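Participant: Just final-v4.cif, nothing more (mmCIF, C-alpha atoms):
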data_model
#
loop_
_atom_site.group_PDB
_atom_site.id
_atom_site.type_symbol
_atom_site.label_atom_id
_atom_site.label_comp_id
_atom_site.auth_asym_id
_atom_site.auth_seq_id
_atom_site.Cartn_x
_atom_site.Cartn_y
_atom_site.Cartn_z
ATOM 1 C CA MET A 1 -6.081 14.620 -7.640
ATOM 2 C CA PHE A 2 -6.174 15.864 -11.215
ATOM 3 C CA PRO A 3 -6.647 19.460 -12.388
ATOM 4 C CA PRO A 4 -9.608 20.455 -14.565
ATOM 5 C CA VAL A 5 -9.418 20.193 -18.329
ATOM 6 C CA ASN A 6 -7.922 23.710 -18.725
ATOM 7 C CA ARG A 7 -4.394 22.523 -17.952
ATOM 8 C CA LYS A 8 -1.412 24.554 -16.827
ATOM 9 C CA PRO A 9 0.515 26.322 -19.608
ATOM 10 C CA GLY A 10 3.165 24.160 -21.176
ATOM 11 C CA ARG A 11 1.461 20.836 -20.528
ATOM 12 C CA ALA A 12 0.620 18.840 -23.623
ATOM 13 C CA SER A 13 -3.046 19.117 -24.598
ATOM 14 C CA ASN A 14 -2.924 18.553 -28.380
ATOM 15 C CA GLY A 15 -2.179 14.831 -28.281
ATOM 16 C CA THR A 16 1.408 15.196 -29.560
ATOM 17 C CA ALA A 17 3.081 14.299 -26.259
ATOM 18 C CA PRO A 18 1.789 12.789 -23.017
ATOM 19 C CA THR A 19 1.554 14.403 -19.620
ATOM 20 C CA HIS A 20 2.947 12.423 -16.702
ATOM 21 C CA VAL A 21 1.353 11.781 -13.315
ATOM 22 C CA VAL A 22 2.308 9.717 -10.282
ATOM 23 C CA LEU A 23 -0.275 7.696 -8.334
ATOM 24 C CA ALA A 24 -0.006 5.696 -5.100
ATOM 25 C CA ALA A 25 -1.998 2.730 -3.878
ATOM 26 C CA VAL A 26 -1.439 3.207 -0.144
ATOM 27 C CA LEU A 27 -2.426 0.076 1.797
ATOM 28 C CA GLN A 28 -2.826 -0.599 5.503
ATOM 29 C CA VAL A 29 -4.393 -3.341 7.614
ATOM 30 C CA ARG A 30 -7.190 -1.594 9.517
ATOM 31 C CA GLN A 31 -9.944 -3.214 11.569
ATOM 32 C CA GLY A 32 -8.749 -6.641 10.460
ATOM 33 C CA ALA A 33 -8.918 -5.899 6.722
ATOM 34 C CA LEU A 34 -6.504 -4.703 4.047
ATOM 35 C CA GLN A 35 -7.654 -1.196 3.121
ATOM 36 C CA ALA A 36 -6.704 1.356 0.458
ATOM 37 C CA LEU A 37 -6.530 5.118 0.856
ATOM 38 C CA LEU A 38 -8.841 6.856 -1.645
ATOM 39 C CA TRP A 39 -9.798 10.437 -2.441
ATOM 40 C CA GLU A 40 -13.238 11.562 -3.658
ATOM 41 C CA ARG A 41 -13.058 13.564 -6.877
ATOM 42 C CA ALA A 42 -14.897 16.891 -6.932
ATOM 43 C CA ARG A 43 -14.419 17.626 -10.651
ATOM 44 C CA GLU A 44 -15.038 15.971 -13.972
ATOM 45 C CA PRO A 45 -14.156 13.572 -15.351
ATOM 46 C CA PHE A 46 -15.618 11.099 -12.851
ATOM 47 C CA ALA A 47 -16.795 13.701 -10.331
ATOM 48 C CA GLY A 48 -18.011 11.962 -7.180
ATOM 49 C CA ARG A 49 -15.985 8.819 -7.779
ATOM 50 C CA TRP A 50 -13.075 7.732 -5.661
ATOM 51 C CA ALA A 51 -9.506 7.885 -6.935
ATOM 52 C CA LEU A 52 -5.940 7.228 -5.875
ATOM 53 C CA PRO A 53 -3.912 10.100 -4.455
ATOM 54 C CA GLY A 54 -1.327 11.589 -6.772
ATOM 55 C CA GLY A 55 -0.803 14.326 -9.321
ATOM 56 C CA TYR A 56 1.405 15.776 -12.006
ATOM 57 C CA LEU A 57 5.159 15.337 -12.130
ATOM 58 C CA GLU A 58 6.746 18.782 -11.978
ATOM 59 C CA PRO A 59 9.865 19.877 -13.949
ATOM 60 C CA GLY A 60 13.088 18.768 -12.287
ATOM 61 C CA GLU A 61 11.277 16.403 -9.900
ATOM 62 C CA THR A 62 12.016 12.718 -9.434
ATOM 63 C CA LEU A 63 9.110 10.278 -9.474
ATOM 64 C CA GLU A 64 9.523 9.288 -5.829
ATOM 65 C CA ALA A 65 9.884 12.886 -4.662
ATOM 66 C CA SER A 66 6.745 13.755 -6.600
ATOM 67 C CA ILE A 67 4.527 11.047 -5.102
ATOM 68 C CA ARG A 68 5.788 11.796 -1.590
ATOM 69 C CA ARG A 69 4.985 15.472 -2.136
ATOM 70 C CA HIS A 70 1.472 14.722 -3.360
ATOM 71 C CA LEU A 71 0.764 12.325 -0.500
ATOM 72 C CA ALA A 72 1.926 14.830 2.085
ATOM 73 C CA ALA A 73 0.159 17.840 0.553
ATOM 74 C CA LYS A 74 -3.127 16.303 -0.580
ATOM 75 C CA VAL A 75 -3.944 13.506 1.847
ATOM 76 C CA ASP A 76 -1.506 14.335 4.677
ATOM 77 C CA VAL A 77 0.218 10.946 4.593
ATOM 78 C CA ARG A 78 3.899 11.126 5.539
ATOM 79 C CA ASP A 79 4.321 7.988 7.635
ATOM 80 C CA LEU A 80 4.961 5.434 4.902
ATOM 81 C CA SER A 81 6.821 2.381 6.149
ATOM 82 C CA HIS A 82 7.570 1.272 2.579
ATOM 83 C CA LEU A 83 7.247 2.751 -0.909
ATOM 84 C CA GLU A 84 8.090 1.054 -4.189
ATOM 85 C CA GLN A 85 7.328 1.634 -7.843
ATOM 86 C CA LEU A 86 4.580 -0.634 -9.162
ATOM 87 C CA ASP A 87 4.231 -0.008 -12.908
ATOM 88 C CA THR A 88 3.758 2.617 -15.623
ATOM 89 C CA ARG A 89 0.503 2.822 -17.597
ATOM 90 C CA SER A 90 0.517 4.384 -21.044
ATOM 91 C CA ASP A 91 -2.788 3.550 -22.737
ATOM 92 C CA PRO A 92 -3.702 6.787 -24.622
ATOM 93 C CA ALA A 93 -7.376 6.182 -23.746
ATOM 94 C CA ARG A 94 -6.942 5.716 -19.987
ATOM 95 C CA VAL A 95 -7.933 9.361 -19.212
ATOM 96 C CA PRO A 96 -10.716 11.072 -21.201
ATOM 97 C CA GLY A 97 -9.440 14.004 -23.258
ATOM 98 C CA GLU A 98 -5.790 13.623 -22.319
ATOM 99 C CA TRP A 99 -2.906 11.351 -23.236
ATOM 100 C CA GLN A 100 -1.472 10.690 -19.798
ATOM 101 C CA LEU A 101 1.299 8.424 -18.581
ATOM 102 C CA ALA A 102 0.851 7.227 -15.000
ATOM 103 C CA THR A 103 3.687 5.855 -12.911
ATOM 104 C CA THR A 104 2.144 3.983 -9.995
ATOM 105 C CA TYR A 105 3.469 3.144 -6.544
ATOM 106 C CA LEU A 106 2.690 0.745 -3.736
ATOM 107 C CA GLY A 107 2.844 2.443 -0.347
ATOM 108 C CA LEU A 108 2.441 0.686 3.005
ATOM 109 C CA VAL A 109 1.513 2.058 6.426
ATOM 110 C CA GLN A 110 2.089 0.189 9.691
ATOM 111 C CA SER A 111 -1.064 -0.955 11.465
ATOM 112 C CA ASP A 112 -0.576 1.214 14.546
ATOM 113 C CA VAL A 113 -0.309 4.468 12.547
ATOM 114 C CA ASP A 114 -3.501 6.488 12.090
ATOM 115 C CA PRO A 115 -2.896 9.375 9.666
ATOM 116 C CA SER A 116 -5.078 12.464 10.026
ATOM 117 C CA LEU A 117 -7.031 12.601 6.760
ATOM 118 C CA PRO A 118 -8.837 15.448 4.986
ATOM 119 C CA ALA A 119 -12.642 15.270 4.800
ATOM 120 C CA ASP A 120 -12.609 14.036 1.178
ATOM 121 C CA THR A 121 -10.225 11.140 1.889
ATOM 122 C CA ALA A 122 -11.011 7.771 3.481
ATOM 123 C CA TRP A 123 -9.856 4.158 3.848
ATOM 124 C CA HIS A 124 -11.798 1.497 1.940
ATOM 125 C CA PRO A 125 -11.495 -2.315 2.206
ATOM 126 C CA VAL A 126 -9.808 -3.648 -0.919
ATOM 127 C CA VAL A 127 -12.376 -6.442 -1.184
ATOM 128 C CA ARG A 128 -15.219 -3.881 -1.257
ATOM 129 C CA LEU A 129 -13.896 -0.978 -3.300
ATOM 130 C CA PRO A 130 -16.382 1.717 -4.330
ATOM 131 C CA PRO A 131 -16.627 2.728 -8.021
ATOM 132 C CA LEU A 132 -13.212 4.155 -8.888
ATOM 133 C CA ALA A 133 -12.201 6.696 -11.507
ATOM 134 C CA PHE A 134 -10.052 5.876 -14.539
ATOM 135 C CA ASP A 135 -8.106 2.596 -14.148
ATOM 136 C CA HIS A 136 -7.491 3.103 -10.450
ATOM 137 C CA GLY A 137 -9.365 -0.035 -9.392
ATOM 138 C CA ALA A 138 -6.961 -2.166 -11.426
ATOM 139 C CA ILE A 139 -4.011 -0.337 -9.857
ATOM 140 C CA VAL A 140 -5.242 -1.108 -6.323
ATOM 141 C CA LEU A 141 -5.608 -4.795 -7.180
ATOM 142 C CA ALA A 142 -2.143 -4.859 -8.760
ATOM 143 C CA ALA A 143 -0.748 -3.309 -5.577
ATOM 144 C CA ARG A 144 -2.480 -5.954 -3.466
ATOM 145 C CA GLU A 145 -0.983 -8.741 -5.582
ATOM 146 C CA ARG A 146 2.481 -7.187 -5.317
ATOM 147 C CA LEU A 147 2.124 -7.017 -1.535
ATOM 148 C CA ARG A 148 0.970 -10.632 -1.325
ATOM 149 C CA ALA A 149 3.952 -11.784 -3.357
ATOM 150 C CA LYS A 150 6.385 -9.733 -1.287
ATOM 151 C CA LEU A 151 5.010 -11.185 1.958
ATOM 152 C CA SER A 152 5.904 -14.654 0.679
ATOM 153 C CA TYR A 153 9.523 -14.147 -0.343
ATOM 154 C CA THR A 154 10.696 -11.008 1.520
ATOM 155 C CA ASN A 155 10.539 -9.504 5.000
ATOM 156 C CA ALA A 156 7.831 -7.019 3.876
ATOM 157 C CA GLY A 157 5.752 -7.777 6.958
ATOM 158 C CA PHE A 158 7.762 -5.085 8.760
ATOM 159 C CA ALA A 159 5.853 -2.493 6.726
ATOM 160 C CA LEU A 160 2.482 -3.718 8.051
ATOM 161 C CA ALA A 161 3.367 -4.506 11.667
ATOM 162 C CA PRO A 162 3.921 -2.181 14.613
ATOM 163 C CA GLU A 163 7.365 -2.008 16.201
ATOM 164 C CA THR A 164 6.632 -4.945 18.523
ATOM 165 C CA PHE A 165 3.950 -7.617 18.288
ATOM 166 C CA THR A 166 2.945 -11.114 19.318
ATOM 167 C CA ILE A 167 3.018 -13.922 16.790
ATOM 168 C CA SER A 168 -0.791 -14.063 16.860
ATOM 169 C CA GLU A 169 -0.996 -10.350 16.061
ATOM 170 C CA LEU A 170 1.467 -10.754 13.196
ATOM 171 C CA ARG A 171 -0.513 -13.752 11.911
ATOM 172 C CA ASP A 172 -3.663 -11.625 11.788
ATOM 173 C CA LEU A 173 -1.864 -8.940 9.752
ATOM 174 C CA TYR A 174 -0.515 -11.501 7.268
ATOM 175 C CA ALA A 175 -3.931 -13.164 6.970
ATOM 176 C CA ALA A 176 -5.647 -9.823 6.243
ATOM 177 C CA ALA A 177 -3.118 -8.972 3.542
ATOM 178 C CA LEU A 178 -2.963 -12.443 1.989
ATOM 179 C CA GLY A 179 -6.715 -12.959 2.013
ATOM 180 C CA HIS A 180 -6.587 -16.371 3.653
ATOM 181 C CA GLU A 181 -5.970 -17.914 7.060
ATOM 182 C CA ILE A 182 -2.427 -18.711 8.063
ATOM 183 C CA SER A 183 -1.111 -20.771 10.970
ATOM 184 C CA ALA A 184 0.613 -18.717 13.673
ATOM 185 C CA THR A 185 2.889 -21.677 14.432
ATOM 186 C CA ASN A 186 3.929 -22.089 10.789
ATOM 187 C CA LEU A 187 4.435 -18.340 10.336
ATOM 188 C CA GLN A 188 6.646 -18.206 13.421
ATOM 189 C CA ARG A 189 8.651 -21.202 12.247
ATOM 190 C CA VAL A 190 9.170 -19.809 8.754
ATOM 191 C CA LEU A 191 10.114 -16.279 9.816
ATOM 192 C CA LEU A 192 12.457 -17.429 12.587
ATOM 193 C CA ARG A 193 14.150 -19.884 10.209
ATOM 194 C CA ARG A 194 14.714 -17.037 7.769
ATOM 195 C CA GLN A 195 16.092 -14.914 10.635
ATOM 196 C CA VAL A 196 13.489 -12.217 9.950
ATOM 197 C CA LEU A 197 12.194 -11.930 13.527
ATOM 198 C CA ALA A 198 13.936 -11.374 16.836
ATOM 199 C CA PRO A 199 12.453 -11.805 20.333
ATOM 200 C CA THR A 200 12.409 -8.615 22.383
ATOM 201 C CA GLY A 201 12.576 -10.411 25.733
ATOM 202 C CA ALA A 202 9.317 -8.730 26.764
ATOM 203 C CA THR A 203 5.835 -10.188 26.999
ATOM 204 C CA ARG A 204 2.289 -8.939 26.665
ATOM 205 C CA LEU A 205 -0.071 -9.616 29.538
ATOM 206 C CA PRO A 206 -3.087 -11.777 28.696
ATOM 207 C CA GLY A 207 -6.468 -10.186 28.136
ATOM 208 C CA HIS A 208 -9.692 -10.708 30.063
ATOM 209 C CA SER A 209 -9.928 -14.316 28.867
ATOM 210 C CA GLY A 210 -6.721 -15.181 30.724
ATOM 211 C CA GLY A 211 -3.918 -17.399 29.506
ATOM 212 C CA ARG A 212 -0.154 -17.108 29.542
ATOM 213 C CA PRO A 213 1.711 -13.882 28.694
ATOM 214 C CA ALA A 214 2.627 -13.791 24.988
ATOM 215 C CA ALA A 215 6.205 -13.166 23.866
ATOM 216 C CA LEU A 216 6.813 -9.978 21.907
ATOM 217 C CA TYR A 217 8.861 -9.959 18.701
ATOM 218 C CA ARG A 218 10.229 -7.350 16.313
ATOM 219 C CA PHE A 219 11.534 -7.413 12.748
ATOM 220 C CA ARG A 220 15.328 -7.437 12.652
ATOM 221 C CA THR A 221 15.415 -4.777 9.952
ATOM 222 C CA HIS A 222 13.021 -2.329 8.337
ATOM 223 C CA ALA A 223 14.865 -2.473 5.022
ATOM 224 C CA LEU A 224 13.257 -4.676 2.374
ATOM 225 C CA ALA A 225 15.235 -7.866 1.714
ATOM 226 C CA VAL A 226 14.606 -11.107 -0.159
ATOM 227 C CA THR A 227 14.543 -13.945 2.358
ATOM 228 C CA ASP A 228 13.447 -16.903 0.204
ATOM 229 C CA GLU A 229 13.017 -16.095 -3.473
ATOM 230 C CA PHE A 230 10.953 -19.218 -4.231
ATOM 231 C CA ALA A 231 8.645 -19.160 -1.195
ATOM 232 C CA VAL A 232 4.852 -18.901 -1.409
ATOM 233 C CA LEU A 233 2.567 -18.536 1.619
ATOM 234 C CA ARG A 234 -0.361 -20.757 0.638
ATOM 235 C CA PRO A 235 -3.768 -21.204 2.315
ATOM 236 C CA PRO A 236 -4.008 -24.106 4.766
ATOM 237 C CA ARG A 237 -5.309 -27.361 3.314
#
As structure tokens, please, write out the structure in this file.
Facilitator:
Amino acid sequence: MFPPVNRKPGRASNGTAPTHVVLAAVLQVRQGALQALLWERAREPFAGRWALPGGYLEPGETLEASIRRHLAAKVDVRDLSHLEQLDTRSDPARVPGEWQLATTYLGLVQSDVDPSLPADTAWHPVVRLPPLAFDHGAIVLAARERLRAKLSYTNAGFALAPETFTISELRDLYAAALGHEISATNLQRVLLRRQVLAPTGATRLPGHSGGRPAALYRFRTHALAVTDEFAVLRPPR
């Protein structure tokens, strides 16, 4: 995601002023696990290590426009269900040979979306990250913690779930993101009380094991909103 050491003309290289990049920790629940989208670096520093997608902020470009451009151009990800700024990192030693500010983002992709990725890009479970370049491992973990917090006190589940789902399916998505089991009954009770979910009136037929058809739900809105500012979704006792 980063150019070689011979930088473009006009970019600071003498240590008097920092360059500025944008980076995104894009997360999705895949195969029952929270996973991060990573890109394998082909150049030094850290050639062969995995890194977050992103790149330099161009003149006249907003931060959000920049990260969306980099995600679309470099890893072909356009179907973000949610994007929010995470933090800005300014340690002069975070990138060898360059003083570089990094504004980081949390991006989320719904579980039923399967972006077409370039050969050097892949999803990796957050609990088993490969060796990452720079401080990108810490950024992924910070993004995971932000997501976990948002799932507790906002309606952020809409950014992980497909358009319609059963309560059991939604429970599995929350459990993968939170890192602990969660009761489907309690989740349904909490989200209905907060008026986050709405029944669709449709059902899903049972699988080969039989059982009753399961009711399908949807999120009332796909705009992020605080639903209970003091809530925390804790592991079962």
Participant: Which is closer to Val77 of chain A than all the others in A:Ser90, A:Gln100, A:Asn155, A:Gln28, using only C-alpha atoms?
Facilitator: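 Among the listed residues, the smallest separation from Val77 of chain A belongs to A:Gln28.
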Participant: Could you expand the PyMOL selection byres ((chain A and resi 45) around 9) into the explicit residues it covers here, written as a list in words?
Facilitator: Pro4, Val5, Arg41, Arg43, Glu44, Phe46, Ala47, Val95, Pro96, Ala133 and Phe134 of chain A
Participant: Written as a list in words, what is the full residue list that the PyMOL selection byres ((chain A and resi 67-75) around 6) yields on the file shown?
Facilitator: Val22, Gly54, Glu64, Ala65, Ser66, Asp76, Val77, Arg78 and Leu117 of chain A
Participant: So the first atom is atom CA of Glu163 of chain A and the second is atom CA of Leu52 of chain A; what is the distance between them in Å, to one decimal place?
Facilitator: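 These two atoms are separated by 27.4 Å.
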Participant: Between A:Leu34, A:Ala225, A:Ala51, A:Leu23, which one has atoms that come closest to Leu132 of chain A, using all atoms listed in the file?
Facilitator: A:Ala51
Participant: Quick one: residues within 8 Å of segment 102-111 of chain A, all atoms listed in the file counted, chain neighbours fewer than 3 positions away excluded, as a ChimeraX atom specification?
Facilitator: /A:20-30,63,79-90,114,139,143,158-162
Participant: Please identify all polymer residues within 8 Å of segment 145-152 of chain A, counting all atoms listed in the file, omitting same-chain residues fewer than 6 positions from it, and present them as a ChimeraX atom specification.
Facilitator: /A:86,174,177-178,228,231-233
Participant: Pick from A:Ala42, A:Ala223, A:Leu129, A:Ala138: nearest to Arg94 of chain A, with all atoms listed in the file counted?
Facilitator: A:Ala138
Participant: Using the chain letters and numbers from the file, which residues does the PyMOL selection byres ((chain A and resi 185) around 12) grab, as a list in words?
Facilitator: Thr166, Ile167, Ser168, Leu170, Arg171, Ile182, Ser183, Ala184, Asn186, Leu187, Gln188, Arg189, Val190, Leu191 and Leu192 of chain A
Participant: Report, in Å to a single decimal, how far apart atom CA of Leu38 of chain A and atom CA of His136 of chain A are.
Facilitator: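 Separating atom CA of His136 of chain A from atom CA of Leu38 of chain A is a distance of 9.7 Å.
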Participant: Work out how far atom CA of Ala142 of chain A is from atom CA of Asp91 of chain A, in Å to one decimal.
Facilitator: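 A separation of 16.3 Å between them.
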Participant: Return as AutoDock Vina command-line options the centre and edge lengths, in Å with one decimal, of the box along x, y and z that encloses every atom of segment 61-65 of chain A in the file, padded by 4 Å per side.
Facilitator:
--center_x 10.6 --center_y 12.8 --center_z -7.3 --size_x 10.9 --size_y 15.1 --size_z 13.2
Participant: Choose the residue, out of A:Gln31, A:Thr19, A:Gln195, A:Thr227, that has the smallest atom-to-atom separation from Asp112 of chain A; count all atoms listed in the file.
Facilitator: A:Gln31
Participant: Using only C-alpha atoms, pick whichever of A:Thr16, A:Thr62, A:Thr154, A:Gln35 has the shortest atom-to-atom distance to Arg194 of chain A.
Facilitator: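 Under the stated criterion, the closest residue is A:Thr154.
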